[in-house]
$ cat entry-v3.cif   # mmCIF, C-alpha atoms
data_start
#
loop_
_atom_site.label_atom_id
_atom_site.label_comp_id
_atom_site.auth_asym_id
_atom_site.auth_seq_id
_atom_site.Cartn_x
_atom_site.Cartn_y
_atom_site.Cartn_z
CA MET A 1 -30.30 30.95 -16.87
CA ASN A 2 -29.29 28.82 -13.91
CA ARG A 3 -25.96 27.09 -13.34
CA LEU A 4 -27.11 23.72 -14.63
CA GLU A 5 -28.40 25.06 -17.95
CA ALA A 6 -25.36 27.23 -18.53
CA LEU A 7 -23.12 24.26 -17.80
CA ARG A 8 -25.10 22.06 -20.15
CA ASP A 9 -24.63 24.57 -22.98
CA LEU A 10 -20.89 24.72 -22.33
CA ILE A 11 -20.55 20.94 -22.34
CA GLU A 12 -22.53 20.77 -25.55
CA GLU A 13 -20.08 23.19 -27.14
CA ALA A 14 -17.09 21.33 -25.73
CA LEU A 15 -18.28 17.98 -27.10
CA ASP A 16 -17.31 19.23 -30.59
CA GLU A 17 -13.69 19.35 -29.49
CA VAL A 18 -13.27 16.48 -27.05
CA ASP A 19 -14.11 12.78 -26.94
CA GLY A 20 -16.02 13.04 -23.71
CA VAL A 21 -16.68 15.23 -20.70
CA VAL A 22 -16.47 13.99 -17.12
CA GLY A 23 -19.38 15.29 -15.11
CA LEU A 24 -22.13 14.19 -12.77
CA ARG A 25 -25.17 12.29 -14.00
CA SER A 26 -28.40 11.92 -12.16
CA SER A 27 -30.02 8.61 -12.96
CA SER A 28 -32.85 6.84 -11.11
CA GLY A 29 -32.50 9.33 -8.28
CA TYR A 30 -28.75 8.74 -7.78
CA VAL A 31 -25.94 11.08 -8.74
CA ALA A 32 -22.66 9.57 -9.92
CA PRO A 33 -19.69 10.54 -12.12
CA HIS A 34 -20.25 9.89 -15.79
CA LEU A 35 -18.36 10.36 -19.03
CA PHE A 36 -20.75 12.31 -21.26
CA ARG A 37 -20.10 11.40 -24.88
CA GLU A 38 -23.49 12.06 -26.52
CA ARG A 39 -25.54 15.24 -26.45
CA GLU A 40 -28.67 13.18 -25.76
CA GLU A 41 -27.32 12.20 -22.35
CA LEU A 42 -26.96 15.79 -21.23
CA HIS A 43 -30.50 16.10 -19.86
CA GLN A 44 -29.27 13.88 -17.01
CA LEU A 45 -26.46 16.28 -16.11
CA ALA A 46 -26.27 17.25 -12.43
CA VAL A 47 -24.08 19.70 -10.51
CA SER A 48 -24.44 18.55 -6.93
CA PRO A 49 -23.62 16.88 -4.61
CA LYS A 50 -19.90 17.35 -4.96
CA TYR A 51 -17.92 14.33 -6.12
CA ALA A 52 -14.19 13.79 -6.69
CA LEU A 53 -14.19 14.13 -10.47
CA PRO A 54 -10.39 14.46 -10.87
CA THR A 55 -10.02 10.88 -9.62
CA THR A 56 -12.49 9.69 -12.25
CA LEU A 57 -10.63 11.67 -14.88
CA ARG A 58 -7.29 10.19 -13.82
CA LEU A 59 -8.64 6.65 -14.07
CA ILE A 60 -10.10 7.26 -17.53
CA GLN A 61 -6.94 8.94 -18.74
CA THR A 62 -4.74 6.14 -17.44
CA ALA A 63 -6.76 3.66 -19.50
CA HIS A 64 -6.96 5.94 -22.56
CA PRO A 65 -3.86 8.17 -22.56
CA GLU A 66 -4.59 9.65 -26.00
CA ALA A 67 -8.22 10.56 -25.41
CA LYS A 68 -9.15 14.24 -25.33
CA LEU A 69 -11.25 14.72 -22.23
CA GLY A 70 -13.22 17.53 -20.70
CA ILE A 71 -13.99 17.91 -17.02
CA VAL A 72 -16.47 19.94 -15.02
CA CYS A 73 -14.25 21.59 -12.49
CA ARG A 74 -14.93 23.40 -9.23
CA GLY A 75 -12.33 25.45 -7.39
CA CYS A 76 -11.17 22.51 -5.28
CA GLU A 77 -11.12 20.20 -8.27
CA GLU A 78 -8.96 22.63 -10.18
CA ARG A 79 -6.49 22.71 -7.30
CA GLY A 80 -6.60 18.91 -7.25
CA LEU A 81 -5.88 18.72 -10.98
CA ILE A 82 -2.88 21.04 -10.59
CA GLU A 83 -1.38 18.93 -7.82
CA MET A 84 -2.00 15.73 -9.79
CA ALA A 85 -0.40 17.21 -12.90
CA LYS A 86 2.69 18.16 -10.87
CA ARG A 87 3.07 14.52 -9.87
CA ASN A 88 2.55 13.22 -13.42
CA GLN A 89 -0.76 11.58 -12.59
CA ILE A 90 -2.62 13.35 -15.38
CA ASN A 91 -1.63 15.09 -18.59
CA LEU A 92 -3.22 18.53 -18.71
CA ASP A 93 -2.43 18.90 -22.44
CA HIS A 94 -5.25 16.51 -23.27
CA ILE A 95 -7.74 18.03 -20.88
CA ALA A 96 -10.28 20.76 -21.47
CA VAL A 97 -11.44 22.32 -18.24
CA ILE A 98 -14.98 23.67 -17.82
CA GLY A 99 -15.13 25.92 -14.78
CA LEU A 100 -17.94 25.86 -12.25
CA ALA A 101 -18.16 28.24 -9.30
CA CYS A 102 -19.71 27.03 -6.07
CA THR A 103 -22.70 28.75 -4.50
CA ALA A 104 -22.41 30.54 -1.18
CA GLU A 105 -24.10 27.59 0.58
CA GLU A 106 -21.70 25.08 -0.96
CA ALA A 107 -18.69 27.21 -0.02
CA GLU A 108 -20.04 27.54 3.51
CA GLU A 109 -20.54 23.81 3.81
CA CYS A 110 -17.02 23.03 2.59
CA ARG A 111 -15.39 25.93 4.52
CA CYS A 112 -13.70 26.52 1.18
CA ALA A 113 -10.75 28.87 0.84
CA LYS A 114 -11.32 29.45 -2.90
CA PRO A 115 -14.72 28.28 -4.16
CA TYR A 116 -14.11 29.01 -7.85
CA PRO A 117 -11.55 27.95 -10.49
CA SER A 118 -9.25 30.62 -11.93
CA VAL A 119 -5.91 29.07 -12.92
CA LEU A 120 -6.75 26.55 -15.64
CA VAL A 121 -9.78 28.50 -16.91
CA ASP A 122 -10.48 32.13 -17.71
CA SER A 123 -14.17 32.02 -16.98
CA HIS A 124 -16.59 29.82 -15.10
CA VAL A 125 -20.27 29.11 -14.75
CA GLY A 126 -21.91 30.81 -11.78
CA GLU A 127 -21.03 33.81 -9.65
CA ARG A 128 -17.87 34.04 -7.60
CA VAL A 129 -18.57 33.94 -3.89
CA GLU A 130 -16.41 34.93 -0.96
CA PRO A 131 -14.02 32.39 0.60
CA VAL A 132 -15.10 30.94 3.93
CA ALA A 133 -12.77 30.59 6.92
CA ASP A 134 -12.56 27.30 8.79
CA LYS A 135 -14.02 28.25 12.17
CA LEU A 136 -13.17 24.95 13.82
CA ALA A 137 -9.53 25.37 12.74
CA GLU A 138 -9.44 28.86 14.25
CA GLU A 139 -11.02 27.55 17.44
CA LEU A 140 -8.43 24.77 17.70
CA ARG A 141 -5.62 27.24 17.14
CA GLN A 142 -6.73 29.16 20.23
CA LYS A 143 -6.77 26.01 22.37
CA GLY A 144 -3.89 24.57 24.36
CA VAL A 145 -2.14 21.34 23.39
CA PRO A 146 -3.90 19.09 25.99
CA GLU A 147 -7.36 20.31 24.92
CA ARG A 148 -6.48 19.61 21.30
CA LEU A 149 -5.44 16.10 22.25
CA ASP A 150 -8.78 15.54 24.00
CA PHE A 151 -10.60 16.83 20.96
CA TRP A 152 -8.74 14.71 18.42
CA LEU A 153 -8.76 11.59 20.59
CA SER A 154 -12.54 11.88 20.90
CA GLN A 155 -12.72 12.23 17.12
CA PHE A 156 -10.20 9.56 16.15
CA ASN A 157 -11.77 7.06 18.54
CA LYS A 158 -14.80 7.05 16.27
CA CYS A 159 -12.67 5.80 13.36
CA ILE A 160 -13.70 2.41 12.00
CA LYS A 161 -10.62 2.22 9.76
CA CYS A 162 -12.63 1.93 6.56
CA TYR A 163 -9.89 3.72 4.58
CA GLY A 164 -12.64 5.90 3.09
CA CYS A 165 -10.57 9.07 3.56
CA ARG A 166 -7.70 7.58 1.60
CA ASN A 167 -9.89 6.06 -1.11
CA ALA A 168 -11.79 9.27 -1.71
CA CYS A 169 -8.70 11.50 -1.69
CA PRO A 170 -7.83 12.74 -5.20
CA GLN A 171 -4.21 13.09 -4.08
CA CYS A 172 -3.84 9.51 -2.81
CA PHE A 173 -2.61 7.49 -5.76
CA CYS A 174 0.30 5.41 -4.44
CA PRO A 175 0.05 1.83 -5.71
CA GLU A 176 1.13 0.65 -2.26
CA CYS A 177 -0.17 2.48 0.76
CA THR A 178 1.81 2.93 3.96
CA LEU A 179 -1.43 2.75 5.90
CA GLU A 180 -1.77 -0.91 4.90
CA GLU A 181 1.69 -1.87 6.08
CA GLU A 182 1.73 -3.94 9.23
CA LEU A 183 4.97 -2.26 10.26
CA TRP A 184 3.35 1.15 10.72
CA VAL A 185 -0.33 0.41 11.28
CA GLU A 186 -1.22 -2.70 13.27
CA ARG A 187 -3.73 -4.94 11.60
CA GLY A 188 -6.96 -5.90 13.26
CA ARG A 189 -7.29 -2.98 15.66
CA VAL A 190 -10.25 -0.64 15.56
CA PRO A 191 -10.02 2.26 16.18
CA PRO A 192 -6.48 2.37 14.78
CA PRO A 193 -4.03 3.31 17.54
CA PHE A 194 -3.28 7.02 17.79
CA PRO A 195 -0.99 8.55 16.59
CA SER A 196 -0.05 6.12 13.85
CA PHE A 197 -2.90 5.90 11.35
CA HIS A 198 -4.27 9.42 11.29
CA LEU A 199 -1.02 11.29 11.72
CA ILE A 200 0.74 9.22 9.05
CA ARG A 201 -2.04 10.23 6.70
CA ALA A 202 -1.79 13.82 7.87
CA MET A 203 1.95 13.82 7.16
CA HIS A 204 1.35 12.38 3.72
CA THR A 205 -1.06 15.16 2.82
CA VAL A 206 1.59 17.82 3.43
CA GLY A 207 2.13 19.79 0.22
CA LYS A 208 -0.65 17.84 -1.50
CA CYS A 209 -3.90 18.45 0.35
CA VAL A 210 -5.96 21.09 -1.44
CA GLY A 211 -8.80 21.11 1.08
CA CYS A 212 -11.45 19.59 -1.19
CA ARG A 213 -13.13 17.91 1.79
CA GLU A 214 -13.61 14.58 0.01
CA CYS A 215 -12.07 12.75 3.00
CA GLU A 216 -14.53 14.32 5.38
CA LEU A 217 -17.53 13.71 3.11
CA SER A 218 -16.67 10.06 2.77
CA CYS A 219 -16.03 9.53 6.49
CA PRO A 220 -18.87 7.51 8.05
CA ALA A 221 -17.76 8.63 11.52
CA HIS A 222 -17.82 12.36 10.62
CA ILE A 223 -14.28 13.05 11.74
CA PRO A 224 -13.40 16.66 10.73
CA LEU A 225 -10.27 15.58 8.86
CA THR A 226 -10.22 18.61 6.58
CA THR A 227 -9.78 20.83 9.60
CA LEU A 228 -6.63 18.97 10.65
CA TYR A 229 -5.24 19.12 7.11
CA THR A 230 -6.21 22.80 6.83
CA LEU A 231 -4.23 23.63 9.96
CA ILE A 232 -1.24 21.81 8.50
CA ARG A 233 -1.65 23.45 5.11
CA GLN A 234 -1.71 26.92 6.66
CA GLU A 235 1.40 26.12 8.67
CA VAL A 236 3.30 24.70 5.69
CA GLY A 237 2.25 27.79 3.74
CA GLU A 238 3.90 29.97 6.37
CA MET A 239 7.00 27.79 6.65
CA PHE A 240 7.80 27.28 2.99
CA GLY A 241 5.60 29.83 1.24
CA TYR A 242 3.94 26.98 -0.58
CA GLU A 243 0.24 26.66 -1.21
CA PRO A 244 -0.90 23.44 -2.94
CA GLY A 245 -2.95 23.87 -6.09
CA VAL A 246 -2.16 27.52 -6.70
CA ALA A 247 0.34 27.38 -9.56
CA LEU A 248 1.66 24.64 -11.80
CA GLU A 249 5.25 25.91 -11.50
CA ASP A 250 5.51 25.77 -7.68
CA GLU A 251 7.33 22.66 -6.59
CA PRO A 252 6.29 20.72 -3.48
CA PRO A 253 8.65 21.76 -0.67
CA LEU A 254 9.26 18.46 1.09
CA VAL A 255 10.93 16.80 -1.90
CA LEU A 256 13.36 19.62 -2.62
CA PRO A 257 16.71 20.17 -0.92
CA MET A 258 17.06 23.28 1.23
CA GLU A 259 18.66 26.39 -0.10
CA VAL A 260 21.72 26.66 2.09
CA GLU A 261 24.76 28.83 1.76
CA SER A 262 27.82 26.63 1.74
CA MET B 263 5.50 13.67 39.55
CA MET B 264 9.06 12.77 38.68
CA TYR B 265 9.62 9.93 36.33
CA GLU B 266 12.42 8.65 34.16
CA PRO B 267 11.54 9.48 30.57
CA LYS B 268 12.36 7.04 27.82
CA ILE B 269 14.16 8.73 24.99
CA VAL B 270 14.99 7.28 21.62
CA ALA B 271 17.73 8.95 19.61
CA TYR B 272 18.10 8.19 15.92
CA ALA B 273 21.72 8.93 15.10
CA CYS B 274 23.14 8.88 11.61
CA THR B 275 25.96 6.43 11.09
CA TYR B 276 28.39 8.93 9.54
CA CYS B 277 28.37 11.86 11.98
CA SER B 278 26.15 11.59 15.00
CA TYR B 279 26.79 7.95 15.91
CA PRO B 280 30.58 8.47 15.96
CA GLY B 281 29.78 11.66 17.89
CA ALA B 282 27.95 9.62 20.51
CA ASP B 283 30.80 7.12 20.43
CA LEU B 284 33.27 9.91 21.11
CA ALA B 285 31.22 11.01 24.10
CA GLY B 286 31.57 7.46 25.39
CA THR B 287 35.28 7.00 24.72
CA SER B 288 35.98 10.45 26.19
CA ARG B 289 34.18 9.32 29.37
CA ILE B 290 31.70 12.17 29.19
CA LYS B 291 28.72 11.52 31.41
CA TYR B 292 25.32 11.87 29.84
CA SER B 293 21.78 10.96 30.73
CA PRO B 294 21.17 7.18 30.73
CA ASN B 295 17.59 7.69 29.52
CA VAL B 296 18.64 7.81 25.93
CA ASN B 297 18.51 4.74 23.69
CA ILE B 298 20.54 5.27 20.58
CA ILE B 299 19.46 3.68 17.33
CA ARG B 300 21.85 3.89 14.43
CA VAL B 301 20.37 4.77 11.05
CA LEU B 302 22.17 5.18 7.74
CA CYS B 303 21.10 8.80 7.37
CA SER B 304 18.88 11.17 9.32
CA GLY B 305 16.86 11.32 6.11
CA ARG B 306 16.01 7.67 6.75
CA VAL B 307 13.97 8.64 9.80
CA SER B 308 10.51 8.78 8.31
CA PRO B 309 7.52 10.35 10.03
CA GLU B 310 6.02 6.85 10.24
CA LEU B 311 9.05 5.69 12.22
CA ILE B 312 8.83 8.61 14.63
CA LEU B 313 5.08 8.17 15.13
CA ARG B 314 5.56 4.48 15.81
CA THR B 315 8.29 5.28 18.33
CA PHE B 316 5.83 7.48 20.18
CA ARG B 317 3.12 4.88 19.96
CA GLU B 318 5.43 2.26 21.46
CA GLY B 319 5.80 4.53 24.47
CA ALA B 320 8.86 6.71 23.88
CA ASP B 321 8.50 10.01 25.74
CA GLY B 322 10.84 11.87 23.44
CA VAL B 323 12.49 11.32 20.09
CA LEU B 324 15.81 12.87 19.12
CA VAL B 325 16.86 12.91 15.51
CA LEU B 326 20.58 13.52 15.09
CA GLY B 327 22.20 14.12 11.73
CA CYS B 328 25.23 15.66 10.05
CA HIS B 329 25.66 19.39 9.74
CA PHE B 330 24.65 20.87 6.39
CA GLY B 331 27.29 20.14 3.81
CA ASP B 332 28.64 17.12 5.71
CA CYS B 333 25.94 14.65 4.74
CA HIS B 334 27.35 11.46 3.26
CA PHE B 335 24.41 11.45 0.87
CA ILE B 336 24.88 15.13 -0.01
CA ASN B 337 21.40 16.35 0.86
CA GLY B 338 19.77 13.60 2.91
CA ASN B 339 19.74 15.87 5.94
CA HIS B 340 18.01 18.61 3.95
CA ARG B 341 14.98 16.37 3.73
CA THR B 342 15.12 15.82 7.48
CA ALA B 343 15.44 19.53 8.09
CA LYS B 344 12.21 20.14 6.21
CA ARG B 345 10.30 17.13 7.41
CA ILE B 346 10.88 17.36 11.16
CA PRO B 347 9.51 20.91 11.63
CA VAL B 348 6.41 19.88 9.68
CA LEU B 349 5.95 16.79 11.83
CA GLN B 350 6.39 18.95 14.94
CA ARG B 351 3.52 21.13 13.78
CA VAL B 352 1.39 18.07 12.97
CA LEU B 353 2.03 16.77 16.48
CA GLU B 354 1.23 20.15 17.98
CA PHE B 355 -2.08 20.43 16.13
CA SER B 356 -3.16 16.98 17.13
CA GLY B 357 -2.26 17.43 20.78
CA ILE B 358 1.23 16.04 21.34
CA GLU B 359 3.78 18.55 22.62
CA PRO B 360 6.19 19.40 19.79
CA GLU B 361 9.02 19.58 22.37
CA ARG B 362 8.97 15.77 22.44
CA LEU B 363 10.61 15.72 19.05
CA ARG B 364 13.91 17.45 18.43
CA LEU B 365 16.27 17.64 15.51
CA GLU B 366 19.93 18.46 16.10
CA TRP B 367 23.09 18.35 14.05
CA VAL B 368 26.01 16.54 15.71
CA SER B 369 29.28 15.90 13.93
CA ALA B 370 31.69 13.06 14.67
CA SER B 371 33.93 15.36 16.71
CA GLU B 372 31.17 16.80 18.88
CA GLY B 373 31.02 14.35 21.78
CA GLU B 374 30.55 17.20 24.25
CA ARG B 375 27.71 18.59 22.22
CA PHE B 376 26.03 15.20 22.01
CA ALA B 377 26.09 14.80 25.77
CA GLN B 378 24.83 18.32 26.29
CA ILE B 379 21.92 17.87 23.85
CA VAL B 380 20.90 14.58 25.43
CA ASP B 381 20.98 16.02 28.96
CA GLU B 382 19.05 19.09 27.95
CA PHE B 383 16.46 17.10 26.02
CA THR B 384 15.96 14.66 28.90
CA GLU B 385 15.22 17.56 31.24
CA THR B 386 12.75 19.07 28.74
CA VAL B 387 10.90 15.79 28.34
CA ARG B 388 10.91 15.10 32.08
CA GLU B 389 8.67 18.16 32.55
CA LEU B 390 6.01 16.62 30.31
CA ALA B 391 3.59 13.84 31.21
CA PRO B 392 4.64 10.27 30.37
CA MET B 393 3.62 9.32 26.84
CA ARG B 394 1.89 6.12 27.97
CA GLN B 395 -0.34 8.23 30.19
CA VAL B 396 -1.01 10.71 27.39
CA LEU B 397 -2.00 8.05 24.87
CA ALA B 398 -3.90 5.87 27.33
#

$ encode --input "entry-v3.cif" --output "structure tokens"
Amino acid sequence: MNRLEALRDLIEEALDEVDGVVGLRSSSGYVAPHLFREREELHQLAVSPKYALPTTLRLIQTAHPEAKLGIVCRGCEERGLIEMAKRNQINLDHIAVIGLACTAEEAEECRCAKPYPSVLVDSHVGERVEPVADKLAEELRQKGVPERLDFWLSQFNKCIKCYGCRNACPQCFCPECTLEEELWVERGRVPPPFPSFHLIRAMHTVGKCVGCRECELSCPAHIPLTTLYTLIRQEVGEMFGYEPGVALEDEPPLVLPMEVES
Amino acid sequence: MMYEPKIVAYACTYCSYPGADLAGTSRIKYSPNVNIIRVLCSGRVSPELILRTFREGADGVLVLGCHFGDCHFINGNHRTAKRIPVLQRVLEFSGIEPERLRLEWVSASEGERFAQIVDEFTETVRELAPMRQVLA
């Protein structure tokens, strides 16, 4: 039985308990998020390409706070759900999670640090595969500061300021975005002047970014944003011992006061 | 090449700004490269503000706040103490020397210390290339 069939069976079972399951639907050759409510629709179920389902779930739950919802959840999406729940963006009590492990190729493509869910679910569809290290991040670590600047300037100069990275990010849910404020990011300049736009976004992902690579996938200029955020995430992990999306109890470090002896 | 670096210091109004004031009234000489901007708390200095300061051409940014326990807002400086090291790493990863940004605690009675920090920081930044050249 392949992943798709196994997943379909699980969703069919889950539909007894919940009002609908958020998953991917393939229709007329296009794959898009869909709220499956009827068993008859399930023949259109798809597993790839990856899509930011937690965002879809959040939007549905905001409109229908009482609805019981299921979600097809990869490793990154699970981490995203945990971070969103910490910030009161979703209510996990009303959510049934259906785990889906990524294949080795998918994990490789995403340079994923944990390509399977394990916190919100006990089991998942598909085999667990090994985590993949971000080679570009390692390469950049070895480089000196001026070479890094050359690299990132060449990347950021491709930016067309479409805000795709922010729009696709499951962790970007502020009603008003700093990146749209004239004070911090000048209007009408493409590419946006370094270091304002990209580094403001990088700072805002601290303690939130779970490395789901949605920003990078949505970027029309193919800027390796996930690599920058991965470097930061690793560093913050070392500094504060905090890894986003690992446990519901861990509190984000930047909003807490320091523990100081007085 | 020697150049005169432009340095912006964000000093909190309760400790560090009076500290800088004391340096002045005590006639302590310190580097004229520093431009002091008074903020209500060092916790007010957001990463956006620092990044914009760099973008506008500052070669170094000093953030000065109260010592732990002295903050007028109880733990405003705790936020700064966590945020600035993270921003330093972000700068480092994206190719701006982290030495350009420094966080120090200066109390209202530490005029000497203020002058010493400013002098030291100016010399550190002088070694680095001008920011306008870096971002050009």

$ residues_around --input "entry-v3.cif" --residues "Tyr116 in chain A" --least-positions-apart "4" --cutoff "7 Å" --atoms "all atoms listed in the file" --output "compact mmCIF listing (two decimals) with C-alpha atoms, in the coordinates of the input"
# COMPACT_ATOMS: atom_id res chain seq x y z
CA ARG A 74 -14.93 23.40 -9.23
CA GLY A 75 -12.33 25.45 -7.39
CA LEU A 100 -17.94 25.86 -12.25
CA ALA A 101 -18.16 28.24 -9.30
CA CYS A 102 -19.71 27.03 -6.07
CA ARG A 128 -17.87 34.04 -7.60

$ resolve_selection --input "entry-v3.cif" --expression "the PyMOL selection byres ((chain A and resi 214) around 10)" --output "NGL selection string"
:A and (50-52 or 76 or 110 or 164-170 or 211-213 or 215-219 or 225-226)

$ write_last_selection --input "entry-v3.cif" --atoms "C-alpha atoms" --output "compact mmCIF listing (two decimals), in the frame of the given file"
# COMPACT_ATOMS: atom_id res chain seq x y z
CA LYS A 50 -19.90 17.35 -4.96
CA TYR A 51 -17.92 14.33 -6.12
CA ALA A 52 -14.19 13.79 -6.69
CA CYS A 76 -11.17 22.51 -5.28
CA CYS A 110 -17.02 23.03 2.59
CA GLY A 164 -12.64 5.90 3.09
CA CYS A 165 -10.57 9.07 3.56
CA ARG A 166 -7.70 7.58 1.60
CA ASN A 167 -9.89 6.06 -1.11
CA ALA A 168 -11.79 9.27 -1.71
CA CYS A 169 -8.70 11.50 -1.69
CA PRO A 170 -7.83 12.74 -5.20
CA GLY A 211 -8.80 21.11 1.08
CA CYS A 212 -11.45 19.59 -1.19
CA ARG A 213 -13.13 17.91 1.79
CA CYS A 215 -12.07 12.75 3.00
CA GLU A 216 -14.53 14.32 5.38
CA LEU A 217 -17.53 13.71 3.11
CA SER A 218 -16.67 10.06 2.77
CA CYS A 219 -16.03 9.53 6.49
CA LEU A 225 -10.27 15.58 8.86
CA THR A 226 -10.22 18.61 6.58

$ resolve_selection --input "entry-v3.cif" --expression "the PyMOL selection byres ((chain B) within 9 of (chain A))" --output "compact mmCIF listing (two decimals) with C-alpha atoms, keeping the file's coordinate frame"
# COMPACT_ATOMS: atom_id res chain seq x y z
CA PRO B 309 7.52 10.35 10.03
CA GLU B 310 6.02 6.85 10.24
CA LEU B 311 9.05 5.69 12.22
CA LEU B 313 5.08 8.17 15.13
CA ARG B 314 5.56 4.48 15.81
CA PHE B 316 5.83 7.48 20.18
CA ARG B 317 3.12 4.88 19.96
CA PHE B 330 24.65 20.87 6.39
CA GLY B 331 27.29 20.14 3.81
CA ASN B 337 21.40 16.35 0.86
CA GLY B 338 19.77 13.60 2.91
CA ASN B 339 19.74 15.87 5.94
CA HIS B 340 18.01 18.61 3.95
CA ARG B 341 14.98 16.37 3.73
CA ALA B 343 15.44 19.53 8.09
CA LYS B 344 12.21 20.14 6.21
CA ARG B 345 10.30 17.13 7.41
CA PRO B 347 9.51 20.91 11.63
CA VAL B 348 6.41 19.88 9.68
CA LEU B 349 5.95 16.79 11.83
CA ARG B 351 3.52 21.13 13.78
CA VAL B 352 1.39 18.07 12.97
CA LEU B 353 2.03 16.77 16.48
CA GLU B 354 1.23 20.15 17.98
CA PHE B 355 -2.08 20.43 16.13
CA SER B 356 -3.16 16.98 17.13
CA GLY B 357 -2.26 17.43 20.78
CA ILE B 358 1.23 16.04 21.34
CA GLU B 359 3.78 18.55 22.62
CA VAL B 396 -1.01 10.71 27.39
CA LEU B 397 -2.00 8.05 24.87

$ residues_around --input "entry-v3.cif" --residues "range 367-377 of chain B" --least-positions-apart "3" --cutoff "12 Å" --atoms "all atoms listed in the file" --output "PyMOL selection string"
chain B and resi 271-296+298+303-304+324-334+339-340+342-343+364+380-384

$ atom_distance --input "entry-v3.cif" --atom1 "CA of Lys161 in chain A" --atom2 "CA of Leu363 in chain B"
26.8 Å

$ residues_around --input "entry-v3.cif" --residues "Gly23 in chain A" --least-positions-apart "3" --cutoff "6 Å" --atoms "only C-alpha atoms" --output "ChimeraX atom specification"
/A:33-34,72

$ closest_residue --input "entry-v3.cif" --among "A:Asp122, A:Asp9, A:Gly70, A:Tyr163" --to "Val190 in chain A" --atoms "only C-alpha atoms"
A:Tyr163

$ atom_distance --input "entry-v3.cif" --atom1 "CA of Leu69 in chain A" --atom2 "CA of Ile95 in chain A"
5.0 Å

$ atom_distance --input "entry-v3.cif" --atom1 "CA of Gly207 in chain A" --atom2 "CA of Asn88 in chain A"
15.1 Å

$ residues_around --input "entry-v3.cif" --residues "Glu40 in chain A" --least-positions-apart "3" --cutoff "12 Å" --atoms "all atoms listed in the file" --output "number ranges by chain"
A: 8, 11-12, 15, 36-37, 43-45

$ resolve_selection --input "entry-v3.cif" --expression "the PyMOL selection byres ((chain A and resi 46) around 6)" --output "ChimeraX atom specification"
/A:24-26,45,47-48

$ residues_around --input "entry-v3.cif" --residues "Glu266 in chain B" --least-positions-apart "3" --cutoff "12 Å" --atoms "only C-alpha atoms" --output "PDB file with C-alpha atoms, in the coordinates of the input"
ATOM      1  CA  MET B 263       5.500  13.670  39.550  1.00  0.00           C
ATOM      2  CA  ILE B 269      14.160   8.730  24.990  1.00  0.00           C
ATOM      3  CA  SER B 293      21.780  10.960  30.730  1.00  0.00           C
ATOM      4  CA  PRO B 294      21.170   7.180  30.730  1.00  0.00           C
ATOM      5  CA  ASN B 295      17.590   7.690  29.520  1.00  0.00           C
ATOM      6  CA  VAL B 296      18.640   7.810  25.930  1.00  0.00           C
ATOM      7  CA  ALA B 320       8.860   6.710  23.880  1.00  0.00           C
ATOM      8  CA  ASP B 321       8.500  10.010  25.740  1.00  0.00           C
ATOM      9  CA  GLY B 322      10.840  11.870  23.440  1.00  0.00           C
ATOM     10  CA  THR B 384      15.960  14.660  28.900  1.00  0.00           C
ATOM     11  CA  GLU B 385      15.220  17.560  31.240  1.00  0.00           C
ATOM     12  CA  THR B 386      12.750  19.070  28.740  1.00  0.00           C
ATOM     13  CA  VAL B 387      10.900  15.790  28.340  1.00  0.00           C
ATOM     14  CA  ARG B 388      10.910  15.100  32.080  1.00  0.00           C
ATOM     15  CA  GLU B 389       8.670  18.160  32.550  1.00  0.00           C
ATOM     16  CA  LEU B 390       6.010  16.620  30.310  1.00  0.00           C
ATOM     17  CA  ALA B 391       3.590  13.840  31.210  1.00  0.00           C
ATOM     18  CA  PRO B 392       4.640  10.270  30.370  1.00  0.00           C
ATOM     19  CA  MET B 393       3.620   9.320  26.840  1.00  0.00           C
TER      20      MET B 393
END

$ residues_near_point --input "entry-v3.cif" --point "(-24.5, 29.2, 2.8)" --cutoff "12 Å" --atoms "all atoms listed in the file" --output "short mmCIF file (atom, residue, chain, number, x, y, z; two decimals) with C-alpha atoms, in the frame of the given file"
data_model
loop_
_atom_site.label_atom_id
_atom_site.label_comp_id
_atom_site.auth_asym_id
_atom_site.auth_seq_id
_atom_site.Cartn_x
_atom_site.Cartn_y
_atom_site.Cartn_z
CA CYS A 102 -19.71 27.03 -6.07
CA THR A 103 -22.70 28.75 -4.50
CA ALA A 104 -22.41 30.54 -1.18
CA GLU A 105 -24.10 27.59 0.58
CA GLU A 106 -21.70 25.08 -0.96
CA ALA A 107 -18.69 27.21 -0.02
CA GLU A 108 -20.04 27.54 3.51
CA GLU A 109 -20.54 23.81 3.81
CA CYS A 110 -17.02 23.03 2.59
CA ARG A 111 -15.39 25.93 4.52
CA CYS A 112 -13.70 26.52 1.18
CA VAL A 129 -18.57 33.94 -3.89
CA GLU A 130 -16.41 34.93 -0.96
CA PRO A 131 -14.02 32.39 0.60
CA VAL A 132 -15.10 30.94 3.93
#
